[in-house]
Amino acid sequence: MRSAIIGAGTAGVRAAVELDNRNSSVLLIEKNFYIGGKLTELSRLYPVCELYYAHRFFSQLNDSVNVDIMTGSDVVNIEKSEGNTYALTIRKTPRYVTGNCTLCLECVEVCTPQAVRKPPFQSIPQTVYIDRETCGACRKCEKICPENAITLDEKEELVKREVEDVIFCTGSELVDPEKYSEFGYGRFPDVITSMELEKMLHPSFESKFVRLSDGKRPERIAFLQCVGSRDAVRGEPYCSRVCCMQALNEARVIKERYPDTEPYIFFTDLQCSGKRWEHFCETARGMGVTCIRCRIPAVYEEQGSVSITYAEDELVTMTVDMIVLSTGIVPPANKYGLPENEYGFPREKSCGLFFHPADITESVQEALAALSSVPGSYSSGSAWTGEPGLDIVLCRCGTESHLADLMRNRGYRVRELDDVCRTAQHSLLKQEKTVVGACALHEQLFLRLAQERNSFVEVVPLREMSWISEDGDSRERSLQMAVAKLERLDTSRITWSQTEVFPAVVIVGGGVAGLAAALDLADTYKVVIIEKSPHLGGRALNIQYSLDYSPREVAQDLIQRAEIHSNIEILTGTEITTLTGDPGNFTVGTTRQDITCGAIIVAAGADEFQHQYDHPLVITQTQLEDRIRNNDIPHVVVMVQCMGSRNQEHHWCSAVCCSKAISNSLTILEKTNAQVLILYRDMRTYGFQDSYYRKAREAGVIFLQNDEMPEIRVDESVSVVYEDPILHARILIEPDLLVLSTGIIPKKESRELAKILGISLDQDGFFRESHPEFYPTDSTKDGIFICGLCHSPQNVKESVIQARAAASRARTFLSSAYKTCTAITVKQELCTGCSICVDVCPFKAISLESDELTVDMSLCKDCGLCVGSCPTSALTQTTLSDDQIRGMVRVMEGIE
Amino acid sequence: MRIVAFVCNWCARAGVELAAYERIGYPDVGLIYVNCTGRIDVQLILQTLEKVDGVVICACHLGDDHYGSGNYKTLKKVLLTKKILAQLGINPERVCLEWISSTEAEKLGEAVKKMKETLEEMTS
């Protein structure tokens, strides 16, 4: 195995999938008996729910030829050898169950101490496992197992493996709420944690959404934020980044499912700085989630209910049915001695929660970034096509024996397999069309095999269906529906096309993101950076100060490395004019020359909001840097946050302004005795940046909060009117210098660039990613990736990580021939030119020109919205035509 | 009672498969998976109702659509279909739309059960 990934949570699984797609061998090591980590406990993701990817990833990894998965495995020692390889010693705890397990669950039913457990949905290995510590050694499970799958005498093993690279994704834990006895966790049954609430909302867990005290549905719940976080005394000093969104998410889910419930969130600052998080927050609040700014000091119990007291002009005591503690993230156990930062989080080769408090998008980006130099091994695809005809393959698991004969009697060719799990993969599909009656676990395998062979497969999960119904008729009917679907599949209308990829990458934008992406790819591919301005470095070059690093230095280092790299060609003063060709073989037209490439990374940056005040005393944070350098700081400096952000015109949070204001304030106070006042709405110094917020307070910066923006008066003099929410008094401040924290806005030219490239922008004007959590750097067109400020407001360090994630995705894309099949076909003679399909397509894949309708397969995602909107049936979804649907419906028609 | 359910391949399908995995189950229903419920148009629902008794459409929650906003279009089409059915003298409750997220495993079963009960009442 080339790489080892330690930890199979969100980051580890995503990394393993990426390496599998790159045909690079990987050893995935997980200490639990199943993969997925916390992802298997969540009931809904934010800002968009993509939980379904988890199941597809697990299924893909299960049957991957590149990935070796070791569960119940703990890496006890890592040694780096001279040859630059890592020798791992792994302790394998026995699972006590073999692959013969069919999940009939008879052992689970018979086990009193509940030591035998089933893994989470679709997780792998998909067999039960035994927690030997809880086990009472009665051996009932062993006796009752119909497949003889239980092996209680299995022994612990010590295994040695050697790999070339290791990534640590072992995650972290949440704070133990009993540390905070004032919240009553453990004393009051109706005080629970955020993760416990997730499990109540998830059907795989026993707990339901009811009060633990009396089993009644809660009518009013209160979320208490920052438990264990933002606490330099008893907890962790940093902000745990995700808890505000997590609480909003859970409250929103509760409101959706139980509309009469009243959720309240008691917060200190609402940390909604991620992409489209502000919109999510607005939506949740619009649904009836009430957010109150107060850090609740304690929870009381009276007459069987819990209550809290907070101040909103006067003291209010609120009785609630349930309290949810938003527990923060604690530093992970760093047992491999990796160098850590002052908060106890490892700095090298680590991603996700092991690296810092992170959400799913960041964990995925860090995982992808960590792999950006792992080479792919090129697979040029096959031209093998299955023989025409339809095959039915039935696996004996979950299939009644009569089903095979039944289908044969109806004239179909049927093959029976003892076990798909144990059959050689290349012998599974023989015909062009195959209906597979097996378990749901192997669906990704069959889809991959079919795609490689230009064939079509339909998987019917007969085993899973047998779990919920004794009625064999419904299984037979599902099989018949799948057969009807494939029978009516008109393969004559489907053409497969394959493009060998050109090993070069064009990067649009020579700022830090573009440079970081270039450096990650240039060892393998020719890279051309196209930069509009005369110089590299983008915005970061003009920013000297940030909290604990210098953006300018980061930019200068990247510029230096890029300029001397022999494989990187830099074209400054150059703009993109056209894009032709297909993914894998693009021709990028520029103002200078045409460039052929296989993939494109868009790192075009963004602009700064321009405030309209024209007065020498009103400046921006960037302009303040100049004044600081010249020691030209007057006595009273007032900073106003959120200029041009979080308003009607620009809904989003610009993410960097709060930490920038604090950074500049601290620098000012290092050099002068100035009085700094920061007028803010929420102090979004998320993650480790929060310590600097504390430092600023301790240094004497005055923070004045109000959800509304202060009034700025600029005529001959400058003044600011701030309304204090506690005093209800309007305060006039006359600063010697007014610094406006202006936000990040998309460049006006983005629209034109998006049009040239054929990719989409989102409603805010930033480039739209295809899937915010698991494919955050993929644009809406195959082969084109996005990163940096043009994707969303973020700081320089985050831009670099995202750029490397984009580079990683580009590398995977360039590791195999680009293949498409005509998902949507057009009958030109039926098309009336109404163009509804053109408007309806979410990816602008359809164009109508000179009376001809064409569908661009590099953009088409096969959603079928066009087909569903066409009034004349001129468009057909080739793999699920109306005819096929009607055929499936006829099967249902025939039943009594 | 013959019910056909059009289920979107993403959130809704995960919810349906979870129902099987957790043994929650659902009554007998013909499942047709589509990439996006926006694929289904009014004519298709009407043609399906010519052959079976009820149609359940299971889509992702608004905002969670894998492709962006297809489910908004589904909502419009279902509302339109109900109006057309009413004008044709067919009970509009023969079509229903359910928003199913990946962990709402019980929703398909509940929707199908409710529709069967409604249909049985209609014909008794």
# chains A, B, ... in the order shown; residues from 1 in each chain; ligands from 1
>>> residues_around(residues="B:Lys82", least_positions_apart="2", cutoff="9 Å", atoms="only C-alpha atoms", output="MDAnalysis selection string")
chainID B and resid 77:80 84:87 90:96
>>> write_last_selection(atoms="C-alpha atoms", output="compact mmCIF listing (two decimals), in the first residue's frame")
# COMPACT_ATOMS: atom_id res chain seq x y z
CA LYS B 77 -46.11 20.22 -10.75
CA VAL B 78 -47.77 18.25 -7.97
CA LEU B 79 -49.98 21.21 -7.07
CA LEU B 80 -50.87 21.58 -10.73
CA ILE B 84 -56.13 18.91 -12.95
CA LEU B 85 -57.25 15.73 -11.21
CA ALA B 86 -59.95 17.60 -9.35
CA GLN B 87 -61.21 19.05 -12.62
CA ILE B 90 -60.50 12.23 -9.81
CA ASN B 91 -59.68 12.52 -6.10
CA PRO B 92 -56.54 14.69 -5.83
CA GLU B 93 -55.44 12.67 -2.81
CA ARG B 94 -54.35 9.98 -5.23
CA VAL B 95 -51.16 12.00 -5.59
CA CYS B 96 -49.05 13.13 -2.68
>>> residues_around(residues="B:Pro27", least_positions_apart="4", cutoff="7 Å", atoms="only C-alpha atoms", output="JSON, numbers by chain")
{"B": [109, 112, 113]}
>>> write_last_selection(atoms="C-alpha atoms", output="PDB file, in the first residue's frame")
ATOM      1  CA  GLY B 109     -44.080   3.972   5.043  1.00  0.00           C
ATOM      2  CA  VAL B 112     -48.017   4.921   1.661  1.00  0.00           C
ATOM      3  CA  LYS B 113     -50.056   3.695   4.607  1.00  0.00           C
TER       4      LYS B 113
END
>>> closest_atom_pairs(of="chain A", to="chain B", cutoff="6 Å", atoms="only C-alpha atoms", output="JSON lines")
{"residue": "A:Ser43", "atom": "CA", "partner": "B:Thr103", "partner_atom": "CA", "distance": 5.7}
{"residue": "A:Val48", "atom": "CA", "partner": "B:Asp64", "partner_atom": "CA", "distance": 5.0}
{"residue": "A:Cys49", "atom": "CA", "partner": "B:Asp64", "partner_atom": "CA", "distance": 5.6}
{"residue": "A:Tyr52", "atom": "CA", "partner": "B:Ala14", "partner_atom": "CA", "distance": 5.8}
{"residue": "A:His202", "atom": "CA", "partner": "B:Thr103", "partner_atom": "CA", "distance": 5.8}
{"residue": "A:Glu464", "atom": "CA", "partner": "B:Ala20", "partner_atom": "CA", "distance": 5.8}
{"residue": "A:Ile468", "atom": "CA", "partner": "B:Gly25", "partner_atom": "CA", "distance": 5.0}
{"residue": "A:Cys863", "atom": "CA", "partner": "B:Asn35", "partner_atom": "CA", "distance": 5.3}
{"residue": "A:Gly864", "atom": "CA", "partner": "B:Arg39", "partner_atom": "CA", "distance": 4.6}
{"residue": "A:Leu865", "atom": "CA", "partner": "B:Arg39", "partner_atom": "CA", "distance": 4.7}
{"residue": "A:Val867", "atom": "CA", "partner": "B:Arg39", "partner_atom": "CA", "distance": 6.0}
{"residue": "A:Gly868", "atom": "CA", "partner": "B:Arg39", "partner_atom": "CA", "distance": 4.2}
{"residue": "A:Glu893", "atom": "CA", "partner": "B:Lys51", "partner_atom": "CA", "distance": 5.3}
>>> write_last_selection(atoms="C-alpha atoms", output="CSV table (one decimal), in the first residue's frame")
chain,number,residue,atom,x,y,z
A,43,SER,CA,-29.3,13.1,11.3
A,48,VAL,CA,-27.2,21.3,2.4
A,49,CYS,CA,-27.7,17.7,3.5
A,52,TYR,CA,-26.3,10.1,1.1
A,202,HIS,CA,-31.7,9.4,13.9
A,464,GLU,CA,-32.7,-5.8,2.5
A,468,ILE,CA,-38.9,-5.9,6.1
A,863,CYS,CA,-31.1,15.1,-13.4
A,864,GLY,CA,-33.8,15.0,-16.0
A,865,LEU,CA,-35.4,18.3,-15.2
A,867,VAL,CA,-37.3,15.9,-19.7
A,868,GLY,CA,-39.7,16.7,-17.0
A,893,GLU,CA,-50.8,-2.6,-12.6
>>> atom_distance(atom1="atom CA of A:Lys118", atom2="atom CA of A:Ser204")
10.0 Å
>>> residues_around(residues="A:Ile726", least_positions_apart="6", cutoff="12 Å", atoms="only C-alpha atoms", output="JSON, numbers by chain")
{"A": [293, 311, 312, 313, 314, 704, 705, 706]}
>>> atom_distance(atom1="atom CA of A:Glu569", atom2="atom CA of A:Val505")
10.4 Å
>>> select_by_dssp(residues="chain B", states="helix (DSSP H, G or I)", output="ChimeraX atom specification")
/B:11-21,37-39,42-51,70-88,92-94,107-123
>>> select_by_dssp(residues="stretch 17-80 of chain B", states="strand (DSSP E)", output="PyMOL selection string")
chain B and resi 30-34+54-59
>>> write_last_selection(atoms="N, CA and C atoms", output="compact mmCIF listing (two decimals), in the first residue's frame")
# COMPACT_ATOMS: atom_id res chain seq x y z
N GLY B 30 -44.58 0.00 -5.21
CA GLY B 30 -43.66 -0.14 -6.34
C GLY B 30 -42.71 1.04 -6.36
N LEU B 31 -41.43 0.81 -6.12
CA LEU B 31 -40.47 1.92 -6.04
C LEU B 31 -39.83 2.18 -7.38
N ILE B 32 -39.90 3.41 -7.82
CA ILE B 32 -39.19 3.81 -9.04
C ILE B 32 -38.25 4.94 -8.65
N TYR B 33 -36.94 4.67 -8.76
CA TYR B 33 -35.97 5.70 -8.38
C TYR B 33 -35.66 6.60 -9.57
N VAL B 34 -35.71 7.89 -9.33
CA VAL B 34 -35.36 8.85 -10.37
C VAL B 34 -34.21 9.70 -9.83
N GLY B 54 -52.58 4.91 -6.77
CA GLY B 54 -52.06 6.10 -6.12
C GLY B 54 -50.59 6.32 -6.45
N VAL B 55 -50.17 7.57 -6.38
CA VAL B 55 -48.78 7.92 -6.66
C VAL B 55 -48.22 8.73 -5.50
N VAL B 56 -47.10 8.28 -4.94
CA VAL B 56 -46.42 9.03 -3.89
C VAL B 56 -45.11 9.52 -4.48
N ILE B 57 -44.81 10.79 -4.32
CA ILE B 57 -43.54 11.32 -4.82
C ILE B 57 -42.69 11.71 -3.61
N CYS B 58 -41.50 11.14 -3.51
CA CYS B 58 -40.61 11.39 -2.39
C CYS B 58 -39.41 12.19 -2.86
N ALA B 59 -39.33 13.42 -2.39
CA ALA B 59 -38.25 14.30 -2.83
C ALA B 59 -37.44 14.77 -1.62
>>> residues_around(residues="stretch 317-330 of chain A", least_positions_apart="2", cutoff="6 Å", atoms="only C-alpha atoms", output="VMD selection string")
chain A and resid 173 to 175 190 to 194 218 220 to 225 227 to 229 240 243 306 to 309
>>> atom_distance(atom1="atom CA of A:Ala232", atom2="atom CA of A:Tyr310")
22.1 Å
